[in-house]
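Structure file final.cif; described as mmCIF, C-alpha atoms.
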data_entry
#
loop_
_atom_site.label_atom_id
_atom_site.label_comp_id
_atom_site.auth_asym_id
_atom_site.auth_seq_id
_atom_site.Cartn_x
_atom_site.Cartn_y
_atom_site.Cartn_z
CA MET E 1 -15.62 -17.78 -27.76
CA GLU E 2 -14.86 -14.06 -27.84
CA LEU E 3 -16.52 -11.07 -26.23
CA ARG E 4 -17.04 -9.64 -29.71
CA GLN E 5 -19.16 -12.65 -30.64
CA LEU E 6 -21.26 -12.27 -27.49
CA GLU E 7 -21.74 -8.57 -28.19
CA TYR E 8 -22.93 -9.35 -31.74
CA PHE E 9 -25.22 -12.09 -30.45
CA LEU E 10 -26.91 -9.80 -27.94
CA MET E 11 -27.44 -7.09 -30.53
CA VAL E 12 -29.07 -9.53 -32.97
CA SER E 13 -31.31 -10.87 -30.19
CA LYS E 14 -32.25 -7.29 -29.26
CA THR E 15 -33.03 -6.09 -32.82
CA ASN E 16 -34.23 -9.46 -34.21
CA SER E 17 -32.23 -8.63 -37.31
CA PHE E 18 -28.71 -9.29 -38.55
CA THR E 19 -28.90 -6.19 -40.72
CA ARG E 20 -30.03 -3.80 -38.00
CA ALA E 21 -27.53 -5.33 -35.57
CA ALA E 22 -24.72 -4.66 -38.05
CA GLU E 23 -25.88 -1.07 -38.49
CA ARG E 24 -25.92 -0.40 -34.73
CA LEU E 25 -22.54 -2.06 -34.27
CA TYR E 26 -21.06 -0.15 -37.24
CA VAL E 27 -19.82 -3.35 -38.86
CA SER E 28 -20.77 -5.23 -42.00
CA GLN E 29 -23.64 -7.71 -41.98
CA PRO E 30 -21.34 -10.60 -43.06
CA ALA E 31 -19.18 -9.87 -40.00
CA VAL E 32 -22.19 -10.33 -37.73
CA THR E 33 -23.43 -13.39 -39.60
CA ASN E 34 -20.04 -15.07 -39.54
CA ALA E 35 -19.57 -14.33 -35.83
CA ILE E 36 -22.94 -15.88 -34.95
CA ARG E 37 -22.35 -18.89 -37.21
CA SER E 38 -18.94 -19.46 -35.57
CA LEU E 39 -20.54 -19.20 -32.14
CA GLU E 40 -23.20 -21.76 -33.08
CA GLU E 41 -20.59 -24.18 -34.40
CA GLU E 42 -18.57 -23.86 -31.21
CA LEU E 43 -21.62 -24.45 -29.02
CA GLY E 44 -23.12 -27.13 -31.27
CA ILE E 45 -26.57 -25.52 -31.18
CA GLN E 46 -28.67 -23.16 -33.32
CA LEU E 47 -29.20 -19.82 -31.62
CA PHE E 48 -31.59 -18.18 -34.08
CA ASP E 49 -34.49 -19.44 -36.21
CA ARG E 50 -33.57 -18.13 -39.66
CA ASN E 51 -36.72 -19.47 -41.35
CA GLN E 52 -38.75 -16.42 -40.29
CA LYS E 53 -38.55 -12.83 -41.49
CA GLN E 54 -36.95 -11.89 -38.22
CA ALA E 55 -34.03 -13.45 -36.34
CA ILE E 56 -35.88 -15.13 -33.47
CA LEU E 57 -34.08 -16.86 -30.64
CA THR E 58 -34.50 -20.62 -30.44
CA THR E 59 -35.21 -22.26 -27.08
CA GLU E 60 -31.49 -22.94 -26.69
CA GLY E 61 -30.76 -19.38 -27.80
CA GLN E 62 -33.04 -17.98 -25.08
CA VAL E 63 -31.19 -19.93 -22.37
CA PHE E 64 -27.84 -18.85 -23.81
CA CYS E 65 -29.01 -15.23 -24.02
CA LYS E 66 -29.92 -15.12 -20.32
CA HIS E 67 -26.43 -16.22 -19.30
CA VAL E 68 -24.66 -13.98 -21.82
CA GLU E 69 -26.51 -10.96 -20.44
CA ASN E 70 -25.18 -11.81 -16.97
CA ILE E 71 -21.68 -12.26 -18.36
CA MET E 72 -21.71 -8.92 -20.16
CA ARG E 73 -23.03 -7.13 -17.08
CA GLY E 74 -20.15 -8.64 -15.14
CA VAL E 75 -17.68 -7.52 -17.81
CA SER E 76 -19.13 -4.01 -17.76
CA THR E 77 -18.90 -3.84 -13.95
CA THR E 78 -15.33 -5.15 -14.03
CA ILE E 79 -14.25 -2.57 -16.61
CA PHE E 80 -15.89 0.20 -14.57
CA GLU E 81 -14.13 -0.88 -11.36
CA ILE E 82 -10.78 -1.18 -13.14
CA ASN E 83 -11.19 2.32 -14.55
CA GLU E 84 -12.02 3.58 -11.07
CA LEU E 85 -8.76 2.06 -9.82
CA LYS E 86 -6.81 3.50 -12.75
CA ASN E 87 -8.28 6.93 -12.15
CA LEU E 88 -7.56 6.65 -8.41
CA ASN E 89 -11.25 6.97 -7.56
CA ASN E 90 -11.21 3.72 -5.60
CA GLY E 91 -8.86 1.16 -4.13
CA VAL E 92 -7.02 0.11 -0.99
CA LEU E 93 -3.34 0.80 -0.33
CA THR E 94 -1.75 -1.43 2.31
CA LEU E 95 1.20 0.19 4.09
CA ALA E 96 3.50 -1.71 6.45
CA ILE E 97 4.97 0.73 8.97
CA THR E 98 7.48 0.60 11.83
CA PRO E 99 6.85 2.03 15.32
CA ILE E 100 8.85 5.10 14.33
CA ALA E 101 6.52 5.92 11.43
CA GLY E 102 4.92 8.52 13.69
CA THR E 103 7.79 10.95 13.12
CA ARG E 104 6.21 14.21 12.05
CA PRO E 105 6.99 14.16 8.29
CA ILE E 106 5.23 10.81 7.81
CA PRO E 107 1.80 11.66 9.30
CA MET E 108 1.90 15.01 7.49
CA PHE E 109 2.65 13.24 4.22
CA LEU E 110 -0.14 10.69 4.80
CA LYS E 111 -2.53 13.58 5.38
CA MET E 112 -1.35 15.18 2.13
CA PHE E 113 -1.83 11.94 0.18
CA LYS E 114 -5.33 11.44 1.62
CA LYS E 115 -6.30 14.99 0.71
CA GLN E 116 -5.10 14.51 -2.86
CA TYR E 117 -6.62 11.02 -3.23
CA PRO E 118 -9.60 10.98 -0.83
CA ASN E 119 -11.12 7.81 -2.32
CA ILE E 120 -8.05 5.66 -1.70
CA LYS E 121 -8.36 3.76 1.57
CA LEU E 122 -5.12 3.46 3.55
CA SER E 123 -4.72 0.24 5.52
CA PHE E 124 -1.81 -0.08 7.98
CA ILE E 125 0.10 -3.11 9.23
CA GLU E 126 2.54 -2.36 12.05
CA GLY E 127 5.72 -4.34 12.57
CA ASN E 128 9.47 -4.17 12.92
CA VAL E 129 11.71 -3.84 9.86
CA PRO E 130 12.33 -7.60 9.30
CA GLU E 131 8.59 -8.26 9.57
CA ILE E 132 7.84 -5.48 7.09
CA GLN E 133 10.43 -6.81 4.66
CA THR E 134 8.79 -10.24 4.81
CA LEU E 135 5.35 -8.73 4.23
CA LEU E 136 6.62 -6.92 1.15
CA ILE E 137 8.42 -9.95 -0.27
CA GLU E 138 5.31 -12.12 0.24
CA ASP E 139 3.09 -9.45 -1.41
CA LYS E 140 1.07 -8.96 1.78
CA ALA E 141 1.72 -5.21 1.73
CA ASP E 142 2.08 -2.72 -1.13
CA LEU E 143 4.71 -0.43 0.39
CA GLY E 144 6.71 -0.25 3.60
CA ILE E 145 7.93 2.71 5.64
CA VAL E 146 11.14 1.63 7.34
CA ILE E 147 14.46 2.67 8.83
CA LEU E 148 17.44 2.11 6.57
CA GLY E 149 20.28 0.04 7.94
CA ASP E 150 19.32 -3.60 7.49
CA ASN E 151 18.34 -3.56 3.82
CA ASN E 152 17.08 -6.64 1.98
CA ILE E 153 18.44 -7.34 -1.51
CA LEU E 154 14.93 -8.25 -2.69
CA LEU E 155 13.67 -4.75 -2.00
CA ASP E 156 14.21 -1.27 -3.43
CA TYR E 157 14.37 1.74 -1.12
CA THR E 158 13.48 5.39 -1.66
CA ARG E 159 15.00 7.56 1.06
CA LEU E 160 12.58 10.12 2.50
CA GLY E 161 14.89 11.93 4.89
CA SER E 162 16.76 11.77 8.18
CA GLN E 163 15.79 12.08 11.81
CA GLU E 164 18.10 12.99 14.67
CA LEU E 165 18.02 10.77 17.74
CA VAL E 166 17.77 12.52 21.08
CA VAL E 167 17.85 11.45 24.70
CA CYS E 168 14.51 11.76 26.49
CA CYS E 169 14.13 12.09 30.25
CA SER E 170 11.43 13.12 32.69
CA LYS E 171 11.12 16.63 34.05
CA GLU E 172 12.33 15.31 37.41
CA HIS E 173 15.49 13.64 36.11
CA CYS E 174 18.89 15.06 37.03
CA PHE E 175 19.71 15.45 33.31
CA GLN E 176 16.76 17.75 32.74
CA ARG E 177 18.86 20.93 32.59
CA LYS E 178 21.50 19.60 30.25
CA ASN E 179 21.82 21.30 26.86
CA SER E 180 23.56 18.29 25.35
CA ILE E 181 24.88 14.93 26.49
CA GLU E 182 27.51 12.34 25.65
CA LEU E 183 26.31 8.82 24.94
CA SER E 184 28.85 7.57 27.46
CA GLU E 185 26.94 9.40 30.22
CA LEU E 186 24.03 6.99 29.67
CA VAL E 187 25.98 3.79 30.36
CA ASN E 188 24.93 3.61 34.00
CA GLU E 189 21.41 4.94 33.43
CA PRO E 190 18.39 2.60 33.08
CA LEU E 191 17.23 2.74 29.48
CA ILE E 192 13.78 2.02 28.09
CA LEU E 193 14.03 0.81 24.50
CA LEU E 194 12.05 -0.91 21.80
CA THR E 195 12.23 -4.71 21.70
CA GLN E 196 15.32 -6.58 20.47
CA ASN E 197 14.03 -7.27 16.94
CA CYS E 198 13.50 -3.55 16.30
CA LEU E 199 16.09 -1.99 13.98
CA LEU E 200 16.10 1.31 15.89
CA ARG E 201 17.20 -0.53 19.02
CA LYS E 202 19.92 -2.37 17.07
CA LEU E 203 21.24 0.93 15.75
CA ILE E 204 21.30 2.40 19.26
CA ILE E 205 23.15 -0.66 20.63
CA LYS E 206 25.75 -0.29 17.85
CA GLU E 207 26.43 3.27 18.99
CA PHE E 208 27.16 1.98 22.50
CA GLU E 209 29.33 -0.80 21.07
CA ARG E 210 31.48 1.87 19.41
CA LEU E 211 32.30 2.94 22.96
CA ASN E 212 33.10 -0.69 23.88
CA THR E 213 30.18 -0.81 26.27
CA LEU E 214 26.51 -1.76 26.47
CA PRO E 215 23.57 0.10 28.04
CA GLN E 216 21.52 -1.06 31.01
CA ILE E 217 18.08 -1.87 29.63
CA ALA E 218 15.42 -1.60 32.33
CA PHE E 219 12.31 -1.97 30.16
CA GLU E 220 11.49 -2.81 26.56
CA SER E 221 8.26 -2.41 24.62
CA ASN E 222 6.88 -2.50 21.07
CA HIS E 223 4.88 0.65 21.73
CA ILE E 224 6.35 4.13 21.58
CA GLN E 225 3.63 5.55 23.81
CA THR E 226 4.37 2.99 26.53
CA ILE E 227 8.05 3.92 26.41
CA LYS E 228 7.28 7.63 26.65
CA SER E 229 4.90 7.06 29.57
CA LEU E 230 7.57 5.13 31.48
CA VAL E 231 10.11 7.88 30.82
CA ALA E 232 7.63 10.57 31.88
CA CYS E 233 7.21 8.92 35.29
CA ASN E 234 11.03 8.80 35.67
CA ALA E 235 11.38 5.02 35.28
CA GLY E 236 14.38 5.54 33.00
CA LEU E 237 15.67 7.27 29.88
CA THR E 238 15.11 6.52 26.23
CA ILE E 239 16.54 7.49 22.86
CA LEU E 240 14.05 8.37 20.15
CA PRO E 241 13.78 10.39 16.94
CA GLN E 242 13.27 14.05 17.81
CA ASP E 243 9.83 14.21 16.20
CA LEU E 244 8.46 11.38 18.35
CA CYS E 245 9.04 13.31 21.57
CA ASP E 246 6.40 15.58 23.07
CA THR E 247 6.14 18.24 25.76
CA SER E 248 5.73 15.65 28.52
CA LEU E 249 9.44 14.84 28.15
CA ILE E 250 12.73 16.70 28.24
CA THR E 251 14.75 16.13 25.06
CA ILE E 252 18.53 16.41 25.04
CA PRO E 253 20.60 16.27 21.84
CA LEU E 254 23.70 14.09 21.75
CA ASN E 255 27.03 15.88 21.48
CA THR E 256 27.84 13.63 18.56
CA PRO E 257 24.59 13.55 16.58
CA VAL E 258 23.19 10.15 15.63
CA MET E 259 20.92 10.14 12.59
CA ILE E 260 18.55 7.54 11.17
CA ASP E 261 17.30 7.45 7.60
CA ILE E 262 13.65 6.75 6.82
CA ALA E 263 12.63 5.24 3.49
CA ILE E 264 9.84 3.67 1.48
CA ALA E 265 10.56 0.02 0.70
CA ILE E 266 9.12 -1.82 -2.32
CA LYS E 267 9.57 -5.33 -3.62
CA LYS E 268 11.93 -5.31 -6.62
CA ASN E 269 10.29 -5.63 -10.05
CA LYS E 270 6.83 -5.51 -8.46
CA ALA E 271 4.04 -4.22 -10.70
CA LEU E 272 2.63 -1.46 -8.50
CA SER E 273 -1.07 -0.64 -8.39
CA HIS E 274 -2.03 2.83 -9.55
CA ALA E 275 -2.61 3.81 -5.90
CA ALA E 276 0.84 2.56 -4.83
CA GLN E 277 2.50 4.32 -7.75
CA ALA E 278 0.70 7.56 -6.91
CA PHE E 279 1.89 7.24 -3.29
CA LEU E 280 5.49 6.67 -4.38
CA ASP E 281 5.41 9.52 -6.93
CA LEU E 282 4.01 11.97 -4.38
CA ALA E 283 6.64 10.85 -1.83
CA LYS E 284 9.43 11.50 -4.33
CA GLU E 285 7.99 14.95 -5.13
CA THR E 286 7.69 15.76 -1.43
CA PHE E 287 10.88 14.36 0.08
CA VAL E 288 13.46 13.57 -2.59
#

structure tokens encoding of this file:
Amino acid sequence: MELRQLEYFLMVSKTNSFTRAAERLYVSQPAVTNAIRSLEEELGIQLFDRNQKQAILTTEGQVFCKHVENIMRGVSTTIFEINELKNLNNGVLTLAITPIAGTRPIPMFLKMFKKQYPNIKLSFIEGNVPEIQTLLIEDKADLGIVILGDNNILLDYTRLGSQELVVCCSKEHCFQRKNSIELSELVNEPLILLTQNCLLRKLIIKEFERLNTLPQIAFESNHIQTIKSLVACNAGLTILPQDLCDTSLITIPLNTPVMIDIAIAIKKNKALSHAAQAFLDLAKETFV
């Protein structure tokens, strides 16, 4: 059974004529007749009473017609919705993001994307980099915004740019007047960092390991705002991307700058939705 046959059937039932149906469909009458005959053979019933001057639906044909009308309405709705997705007039884009996705370029870019594609709904899933990689591999997210450094071979990465890490302290801390600082000066200071499974924390620990030492971690949290609040009340220091710091904190650059790279991650060989492809294309135009 083909959609073409159903279309021909409905037109004959509407016009009560094989000839008029063929004219409206811009096909030959034999094409319509053969399509209906093939449909009847497949169903094992007679759809039209051909003994009258008009093509009148049989009782079985009337039942069949009611269901075919529902089918064709569903097909029409489906085609419309697909076209809406293709034309980026509808759809949902699921983004998996890390706690550091709040660095200034990312929110600004999300605002730009939303302005250009206002009908695309953005849905966010927050997690650390390993969690985001799993979400992408299992097709539970369309795209991921991550820190580079622990890349998965099943994913492709498009680098968006770099962020400099800075030391953050309260306005009451003794470091508040420093113009720059050595990482080694933080060894005996209580640090407030993201949790152990966060890639940013791992990268910070590696920098200390280069000095053959480890920091003193006083607090850890999954939430950037919690970390900043603890620092603001002088409970310790933290190290964050420059753009995540605000005026409630004092920021001090490291003498030897430490950079992190931010990227969009995608599952390799994944067929992207039109919304996801538009997001990736705009990111490449904006950052790359």

Which residues are close to region 229-237 of chain E, i.e. within 8 Å by all atoms listed in the file, leaving aside same-chain residues fewer than 6 positions away? Reply as a tab-separated table (two decimals) with C-alpha atoms, keeping the file's coordinate frame.
chain	number	residue	atom	x	y	z
E	167	VAL	CA	17.85	11.45	24.70
E	168	CYS	CA	14.51	11.76	26.49
E	169	CYS	CA	14.13	12.09	30.25
E	170	SER	CA	11.43	13.12	32.69
E	171	LYS	CA	11.12	16.63	34.05
E	172	GLU	CA	12.33	15.31	37.41
E	173	HIS	CA	15.49	13.64	36.11
E	189	GLU	CA	21.41	4.94	33.43
E	190	PRO	CA	18.39	2.60	33.08
E	191	LEU	CA	17.23	2.74	29.48
E	192	ILE	CA	13.78	2.02	28.09
E	218	ALA	CA	15.42	-1.60	32.33
E	248	SER	CA	5.73	15.65	28.52
E	249	LEU	CA	9.44	14.84	28.15

Worksheet item: Which residues, protein or nucleic acid, reach to within 8 Å of (24.9, 13.6, 19.1) in the file's coordinates when using all atoms listed in the file, and can you give that as a PyMOL selection string?
Response: chain E and resi 165-166+180-183+253-258

Worksheet item: Quick one: which residues end up in the PyMOL selection byres ((chain E and resi 138) around 12) for this structure, as a PyMOL selection string?
Response: chain E and resi 131-137+139-143+154-155+266-268+270

May I have the residues from that selection written out with C-alpha atoms, as a PDB file, in the frame of the given file?
ATOM      1  CA  GLU E 131       8.590  -8.260   9.570  1.00  0.00           C
ATOM      2  CA  ILE E 132       7.840  -5.480   7.090  1.00  0.00           C
ATOM      3  CA  GLN E 133      10.430  -6.810   4.660  1.00  0.00           C
ATOM      4  CA  THR E 134       8.790 -10.240   4.810  1.00  0.00           C
ATOM      5  CA  LEU E 135       5.350  -8.730   4.230  1.00  0.00           C
ATOM      6  CA  LEU E 136       6.620  -6.920   1.150  1.00  0.00           C
ATOM      7  CA  ILE E 137       8.420  -9.950  -0.270  1.00  0.00           C
ATOM      8  CA  ASP E 139       3.090  -9.450  -1.410  1.00  0.00           C
ATOM      9  CA  LYS E 140       1.070  -8.960   1.780  1.00  0.00           C
ATOM     10  CA  ALA E 141       1.720  -5.210   1.730  1.00  0.00           C
ATOM     11  CA  ASP E 142       2.080  -2.720  -1.130  1.00  0.00           C
ATOM     12  CA  LEU E 143       4.710  -0.430   0.390  1.00  0.00           C
ATOM     13  CA  LEU E 154      14.930  -8.250  -2.690  1.00  0.00           C
ATOM     14  CA  LEU E 155      13.670  -4.750  -2.000  1.00  0.00           C
ATOM     15  CA  ILE E 266       9.120  -1.820  -2.320  1.00  0.00           C
ATOM     16  CA  LYS E 267       9.570  -5.330  -3.620  1.00  0.00           C
ATOM     17  CA  LYS E 268      11.930  -5.310  -6.620  1.00  0.00           C
ATOM     18  CA  LYS E 270       6.830  -5.510  -8.460  1.00  0.00           C
TER      19      LYS E 270
END

Item to complete: Fewer than 4 positions away in the same chain doesn't count, so skip those; otherwise give me all residues within 12 Å of Cys65 (chain E), counting only C-alpha atoms, as an MDAnalysis selection string.
Response: chainID E and resid 6:14 47:48 56:61 69:72

Worksheet item: Contacts of Gln163 (chain E) at 8 Å or less, counting only C-alpha atoms, minus same-chain residues fewer than 2 places along, as a PyMOL selection string?
Response: chain E and resi 161+165+241-243+259-262

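Those residues returned by the PyMOL selection byres ((chain E and resi 103) around 8) for this file are Ile100, Ala101, Gly102, Arg104, Pro105, Ile106, Pro107, Pro241, Gln242, Asp243 and Leu244 of chain E.
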
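Put simply, CA of Ile227 (chain E) is 11.3 Å away from CA of Pro99 (chain E).
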
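One finds CA of Asp156 (chain E) at 28.8 Å from CA of Arg210 (chain E).
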
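Across E:Asn179, E:Ile120, E:Tyr26, E:Thr238, the tightest approach to Ile204 (chain E) is made by E:Thr238 when counting all atoms listed in the file.
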
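Applied to this file, the PyMOL selection byres ((chain E and resi 195-203) around 9) selects E:Thr98, E:Pro99, E:Ile100, E:Gly127, E:Asn128, E:Val129, E:Pro130, E:Ile147, E:Leu148, E:Gly149, E:Asp150, E:Leu193, E:Leu194, E:Ile204, E:Ile205, E:Lys206, E:Glu207, E:Phe219, E:Glu220, E:Ser221, E:Asn222, E:Ile239, E:Leu240, E:Ile260.
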
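Across the structure, CA of Ile97 (chain E) and CA of Tyr157 (chain E) are spaced 13.8 Å apart.
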
Worksheet entry | Spatial neighbours of Ala283 (chain E), max dist 10 Å, all atoms listed in the file, sep filter under 2 positions, as a count of residues only | 19

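Distance annotation: of E:Arg4, E:Pro215, E:Lys121, E:Asn16, the residue with the minimal separation from Ala31 (chain E) is E:Arg4; atom set is all atoms listed in the file.
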
Selection near Ser38 (chain E), 12 Å with only C-alpha atoms, sequence-local residues under 2 positions removed, as a PDB file with C-alpha atoms, in the frame of the given file:
ATOM      1  CA  MET E   1     -15.620 -17.780 -27.760  1.00  0.00           C
ATOM      2  CA  GLU E   2     -14.860 -14.060 -27.840  1.00  0.00           C
ATOM      3  CA  ARG E   4     -17.040  -9.640 -29.710  1.00  0.00           C
ATOM      4  CA  GLN E   5     -19.160 -12.650 -30.640  1.00  0.00           C
ATOM      5  CA  LEU E   6     -21.260 -12.270 -27.490  1.00  0.00           C
ATOM      6  CA  TYR E   8     -22.930  -9.350 -31.740  1.00  0.00           C
ATOM      7  CA  PHE E   9     -25.220 -12.090 -30.450  1.00  0.00           C
ATOM      8  CA  PRO E  30     -21.340 -10.600 -43.060  1.00  0.00           C
ATOM      9  CA  ALA E  31     -19.180  -9.870 -40.000  1.00  0.00           C
ATOM     10  CA  VAL E  32     -22.190 -10.330 -37.730  1.00  0.00           C
ATOM     11  CA  THR E  33     -23.430 -13.390 -39.600  1.00  0.00           C
ATOM     12  CA  ASN E  34     -20.040 -15.070 -39.540  1.00  0.00           C
ATOM     13  CA  ALA E  35     -19.570 -14.330 -35.830  1.00  0.00           C
ATOM     14  CA  ILE E  36     -22.940 -15.880 -34.950  1.00  0.00           C
ATOM     15  CA  GLU E  40     -23.200 -21.760 -33.080  1.00  0.00           C
ATOM     16  CA  GLU E  41     -20.590 -24.180 -34.400  1.00  0.00           C
ATOM     17  CA  GLU E  42     -18.570 -23.860 -31.210  1.00  0.00           C
ATOM     18  CA  LEU E  43     -21.620 -24.450 -29.020  1.00  0.00           C
ATOM     19  CA  GLY E  44     -23.120 -27.130 -31.270  1.00  0.00           C
ATOM     20  CA  ILE E  45     -26.570 -25.520 -31.180  1.00  0.00           C
ATOM     21  CA  GLN E  46     -28.670 -23.160 -33.320  1.00  0.00           C
ATOM     22  CA  LEU E  47     -29.200 -19.820 -31.620  1.00  0.00           C
TER      23      LEU E  47
END

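Checking E:Arg37, E:Lys115, E:Arg20, E:Arg73 one by one against Leu282 (chain E), counting all atoms listed in the file, you find the shortest gap at E:Lys115.
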
Let me have the centre and edge lengths in Å, one decimal, of the box along x, y and z around every listed atom of region 43-61 of chain E with 5 Å of margin on each side, as AutoDock Vina command-line options.
--center_x -30.2 --center_y -19.5 --center_z -34.1 --size_x 27.1 --size_y 25.2 --size_z 24.8
